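Report on one structure; see the data block that follows.
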2 protein chains.
Amino acid sequence: MSDENFQLSRRALLGSATVGTLGALVAGAAGPEVAAGVSPLRHGGTIPFFASHQSGIATPPQLHLALATFDLTDGASRSEIASMLNDWTAASAAMTKGQPAPGPTTPQAAPSDPGQALDLGPSGLTVTLGVGRDFLAHPSVGGTPALIAQLPSFAGDQLDPVRSGGGLCIQACAQDPQVAFHAVHVLTRLGSGTTTLRSLQRGFLPDSAKGGAPRNLMGFKDGSRNLNVDDPSQMNHSVWTKGASLPRWMQGGTFMVARRIRIRMERWAESPLIEQEQTVGRRRDSGAPLSGQAERDRPDFAALDTQGSPVIPLTAHLRLASPEANDGIRILRRGYSFSDGIDPATGELDAGIMFLAFMADPLRQFVPLQQKLVAKDALHDYLVHTASSVFAIPQGLQAGQSWGSQLLA
Amino acid sequence: MSDENFQLSRRALLGSATVGTLGALVAGAAGPEVAAGVSPLRHGGTIPFFASHQSGIATPPQLHLALATFDLTDGASRSEIASMLNDWTAASAAMTKGQPAPGPTTPQAAPSDPGQALDLGPSGLTVTLGVGRDFLAHPSVGGTPALIAQLPSFAGDQLDPVRSGGGLCIQACAQDPQVAFHAVHVLTRLGSGTTTLRSLQRGFLPDSAKGGAPRNLMGFKDGSRNLNVDDPSQMNHSVWTKGASLPRWMQGGTFMVARRIRIRMERWAESPLIEQEQTVGRRRDSGAPLSGQAERDRPDFAALDTQGSPVIPLTAHLRLASPEANDGIRILRRGYSFSDGIDPATGELDAGIMFLAFMADPLRQFVPLQQKLVAKDALHDYLVHTASSVFAIPQGLQAGQSWGSQLLA
């Protein structure tokens with residue numbers, strides 16, 4: 001065992017070095033591209049809950065996701081909702097430090113914490129709150145639902161209404177799936193009477209020792225050109241919200257677009273490798289753009305082959321989703337893979353991409369990107385979008401603040 | 001980051017030391033109990049595929065499970081089935097070494113391996129094959145279905161027929177969920193035309209630094225008194241099959257009983273802690289039997305409190321499931337937790353225990369145990385069994401052997 005554990009330790013250190021190096025580099029126009037925050041970190045440490053922006057956004061993706069949505073009960077009063085959100089704050093702050101949800105635990109009472117995460121430590125847990133149109137439209141909240149964009153329907157959408165939308169959203173991410181599950185379970189119990197659980201989507205990322213973007217369930221590295229979370233100018237331009245038209249709690253917030261995307265696993269698997277690579281615009285094994293040699297090579301969209309055809313096809317996902325083809329539009333993707341048994345309609349694996357992306361303006365960022373992909377992207381033929389949501393992600397909390405007073409002061 | 005990674009490395013070494021110590025101890029009647037193999041190991045190493053017993057049985061549980069069942073197509077011929085099983089053997093042997101599924105990969109052909117596990121290494125993968133009654137009853141197989149016990153129905157069972165039974169079963173376990181998923185996907189593709197995927201259940205275990213049995217989703221340590229896989233006499237007596245009434249491929253095999261057990265999460269969470277502990281027979285936080293101080297303390301079923309009542313209640317799970325109360329019956333449990341979204345019937349989390357247990361004789365081991373638990377166990381009120389299967393697990397393969405020739409020679 002000791003050899004194997006030393007190997008793990010070596011891999012952990014290599015992982016750390018890779019992340020550090022990426023974070024220290026600055027993207028140069030001629031050099032390799034930088035996309036920090038795309039490699040899942042191996043750590044069991046504590047990620048601060050109280051911060052100017054909520055954690056779980058610029059945080060390098062942990063290995064496991066539990067994304068829950070909740071409906072507010074019709075008759076919930078403003079003070080009940082505020083009290084519940086304050087309870088969620090206290091519990092989230094405790095759990096992210098590896099502590100049980102606060103409350104009296106006596107032998108004669110139901111335990112305040114259901115106990116699944118005892119012994120597991122913080123495990124890199126982040127708990128990120130989002131609010132949906134149904135929250136802002138609730139009579140006891142009296143917010144402005146128009147703050148949150150309604151996405152148009154896109155060709156091919158097959159959206160499950162229960163998995164889409166909702167009043168509140170909790171994105172719990174951790175290195176251990178049980179820690180993420182526990183966080184959702186605690187908040188579900190604390191919300192009882194004021195909210196009901198609407199949906200729960202779990203997700204995972206592979207833990208590659210080799211660094212780079214994780215592979216998705218199509219077998220391709222995904223996110224190699226993601227926005228660089230270590231570059232404040234990119235984050236301020238593309239992710240964080242600000243401006244007089246937004247409420248105070250959205251100064252330094254963001255919006256999350258969540259799309260559950262089923263992969264047509266067998267159609268994809270039966271495609272020749274060259275067709276897969278032309279569809280994505282990258283080599284499968286190395287992740288290199290078809291115009292380059294290494295994953296981080298900047299794609300050369302002007303490159304032509306000996307026949308005079310573009311090396312990166314005009315219908316390749318890499319080209320169509322690129323900032324170069326979209327007036328510089330960037331979004332911060334932070335998605336996970338999912339595997340939910342079998343799709344009864346097809347008998348195939350119900351597996352795919354839980355696309356999560358953070359951006360300042362979904363109508364100006366996600367919608368034009370997705371419209372272009374639906375119209376032209378060769379990859380779109382292999383995907384079915386089965387749920388769609390937009391949530392407003394409030395700014396971070398300062399120590400002593402809580403979501404109830406932030407949102408319902 | 002480096003502090004956190006060093007912490008992980010230290011935890012990995014502690015985990016290794018704990019396992020080693022447990023494995024080296026011998027259970028003494030007066031000393032602490034030994035239950036090796038219950039702590040998930042942190043390793044990314046290779047577990048040999050070719051061995052006298054299949055791996056994934058006595059193997060300490062990896063962190064992630066993908067349990068798939070398959071139906072044989074009605075018209076499949078004996079040679080098609082054998083050929084498919086030989087393909088499964090070659091692919092499983094390769095994948096457990098961290099290699100892609102074998103086959104030609106040319107740009108013009110669909111890749112022989114769908115690629116999700118590239119870069120991930122062996123990740124402790126085990127692939128364990130089971131055969132069900134439907135396999136043995138298939139006209140092209142012509143086996144003896146009576147080899148495999150049919151379990152009686154138990155009070156409270158709410159079994160989903162699709163999640164239950166099937167012709168073939170693959171238990172893929174790995175430290176990385178994507179590696180386990182990939183193994184099932186590869187075998188599903190290789191079986192196409194001869195088998196169809198019937199069900200896929202994923203599961204996980206928490207990765208506790210503190211050692212001992214992992215906590216289940218009831219918040220209690222589960223498996224502290226499990227059979228000791230390092231004790232050949234226990235394994236030969238309770239797990240491995242042998243005897244003239246069994247076919248050659250079951251000499252050194254075993255049977256797997258798989259039960260999907262949903263926890264009534266809210267009923268349980270609302271119970272007072274003392275009631276939970278009396279129901280289980282252990283303290284929640286330490287895992288100690290109510291008669292003792294530490295998780296490994298041998299339960300004292302004769303101990304009485306000052307009122308003269310048993311310290312471990314007569315209805316406690318610990319007592320009713322114990323070998324002491326069951327003529328020494330032991331089974332090797334190797335279960336996982338599952339979380340599959342929301343149960344539409346109740347609106348609660350659809351979460352629980354994917355109970356997997358290996359034993360030499362389900363009718364003499366599992367059935368009387370389960371009948372006793374259903375009749376008397378206080379824990380049973382909090383559980384709903386939603387699927388049930390029994391599979392025969394063939395003996396291990398020697399290098400050069402394959403499942404096709406083993407089962408259909």
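Starting from 1 in every chain, residues are counted up; chains themselves are A, B, ... following the order of the structure tokens, and ligands are numbered from 1 as listed.
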Using only C-alpha atoms, determine which residues lie at most 12 Å from Leu168 of chain A, disregarding the query and same-chain residues fewer than 3 positions distant; provide the list as an MDAnalysis selection string. chainID A and resid 67:73 81 84:85 88 128:138 164:165 171 187:188 191 194:199 256 389:394 403
Would you mind exporting C-alpha atoms of the selected residues as a compact mmCIF listing (two decimals), in the first residue's frame?
# COMPACT_ATOMS: atom_id res chain seq x y z
CA LEU A 67 -27.22 20.78 -7.35
CA ALA A 68 -30.60 21.13 -5.65
CA THR A 69 -33.55 23.34 -6.46
CA PHE A 70 -36.36 24.26 -4.09
CA ASP A 71 -39.86 25.68 -4.37
CA LEU A 72 -41.07 28.24 -1.85
CA THR A 73 -44.37 27.17 -0.32
CA ILE A 81 -38.43 32.92 4.44
CA MET A 84 -34.98 29.96 6.78
CA LEU A 85 -32.35 31.78 4.72
CA TRP A 88 -29.19 28.16 5.62
CA THR A 128 -23.57 28.62 -3.43
CA LEU A 129 -27.06 30.12 -3.27
CA GLY A 130 -29.06 31.17 -6.31
CA VAL A 131 -32.52 32.71 -6.53
CA GLY A 132 -34.93 32.15 -9.39
CA ARG A 133 -37.84 34.08 -10.85
CA ASP A 134 -40.26 32.13 -8.64
CA PHE A 135 -38.49 33.47 -5.56
CA LEU A 136 -38.62 37.09 -6.67
CA ALA A 137 -42.24 36.69 -7.77
CA HIS A 138 -43.38 35.22 -4.44
CA SER A 164 -35.90 23.26 -14.82
CA GLY A 165 -36.49 26.44 -12.86
CA GLN A 171 -24.91 24.32 -5.66
CA LEU A 187 -30.57 22.57 3.90
CA THR A 188 -33.57 20.55 2.74
CA GLY A 191 -36.16 24.58 4.81
CA THR A 194 -40.99 27.01 3.92
CA THR A 195 -39.52 25.22 0.91
CA THR A 196 -39.83 21.84 -0.71
CA LEU A 197 -37.11 20.08 -2.62
CA ARG A 198 -37.81 20.30 -6.36
CA SER A 199 -34.86 18.53 -7.97
CA MET A 256 -25.87 30.92 -13.41
CA SER A 389 -32.60 27.18 -15.58
CA VAL A 390 -31.27 30.64 -14.81
CA PHE A 391 -30.56 31.74 -11.25
CA ALA A 392 -29.34 35.06 -9.89
CA ILE A 393 -26.31 34.44 -7.67
CA PRO A 394 -26.09 37.10 -4.97
CA TRP A 403 -28.85 35.53 3.23
6 Å contacts from chain B to chain A using only C-alpha atoms, as a list in words: Glu4, Asn5, Ser9, Ala12, His43, Gly45, Pro107, Gln108, Ala109, Ala110, Pro111, Pro114, Gly115, Gln116, Leu120, Gln178, Leu200, Pro206, Ser208, Leu217, Gly219, Glu270, Ser271, Pro272, Leu273, Ile274 and Gly341 of chain B
For Phe49 of chain B, find every residue with an atom within 7 Å (counting only C-alpha atoms), except residues of its own chain fewer than 6 positions away, and show them as a PyMOL selection string. chain B and resi 55+93+96
Would you list the contacts of Gln365 of chain B as a PyMOL selection string, taking every protein, DNA or RNA residue within 12 Å and counting only C-alpha atoms, but skipping same-chain residues closer than 6 positions in sequence? chain B and resi 149+151+237-239+255-257+321+323+326-332+357-359+371-372
Extract, using only C-alpha atoms, all DNA, RNA and protein residues at most 10 Å from Arg319 of chain A, discarding same-chain residues fewer than 5 positions from it, and format them as an NGL selection string. :A and (279-281 or 289 or 299-301 or 312-314 or 324-326 or 377)
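Residues with any atom within 12 Å of Ala155 of chain B, counting only C-alpha atoms and excluding same-chain neighbours fewer than 4 positions away, are Leu159, Gln370, Gln371, Lys372, Leu373, Val374, Ala375, Lys376, His380, Asp381, Leu383, Val384 and His385 of chain B.
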Could you pull out the strand (DSSP E or B) residues of segment 199-281 of chain B, going by DSSP on the backbone, and write them as a ChimeraX atom specification? /B:199-204,215,221,254-263
Can you write just those residues out, C-alpha atoms, as an mmCIF file, in the first residue's frame?
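Wrote it out as again-v6.cif, contents follow:
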data_model
loop_
_atom_site.group_PDB
_atom_site.id
_atom_site.type_symbol
_atom_site.label_atom_id
_atom_site.label_comp_id
_atom_site.auth_asym_id
_atom_site.auth_seq_id
_atom_site.Cartn_x
_atom_site.Cartn_y
_atom_site.Cartn_z
ATOM 1 C CA SER B 199 -30.118 -1.201 -15.343
ATOM 2 C CA LEU B 200 -27.287 0.911 -14.016
ATOM 3 C CA GLN B 201 -26.927 1.779 -10.364
ATOM 4 C CA ARG B 202 -24.116 4.050 -9.265
ATOM 5 C CA GLY B 203 -22.934 4.293 -5.690
ATOM 6 C CA PHE B 204 -20.309 5.924 -3.521
ATOM 7 C CA ARG B 215 -20.886 6.100 7.453
ATOM 8 C CA LYS B 221 -20.917 3.692 10.656
ATOM 9 C CA THR B 254 -19.626 -17.018 -4.689
ATOM 10 C CA PHE B 255 -23.131 -15.567 -4.863
ATOM 11 C CA MET B 256 -23.985 -11.887 -4.766
ATOM 12 C CA VAL B 257 -27.218 -10.695 -3.231
ATOM 13 C CA ALA B 258 -27.959 -7.144 -4.387
ATOM 14 C CA ARG B 259 -30.738 -5.191 -2.699
ATOM 15 C CA ARG B 260 -31.478 -1.544 -3.419
ATOM 16 C CA ILE B 261 -32.651 -0.200 -0.053
ATOM 17 C CA ARG B 262 -34.197 3.255 0.077
ATOM 18 C CA ILE B 263 -33.875 4.984 3.431
#
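Atom CA of Trp249 of chain B is found 11.7 Å from atom CA of Gln401 of chain B.
Using only C-alpha atoms, the nearest neighbour of Thr386 of chain B within the list B:Asn228, B:Gln278, B:Ser153, B:Gln234 is B:Ser153.
Relative to atom CA of Arg267 of chain A, atom CA of Gly156 of chain A is found at 15.9 Å.
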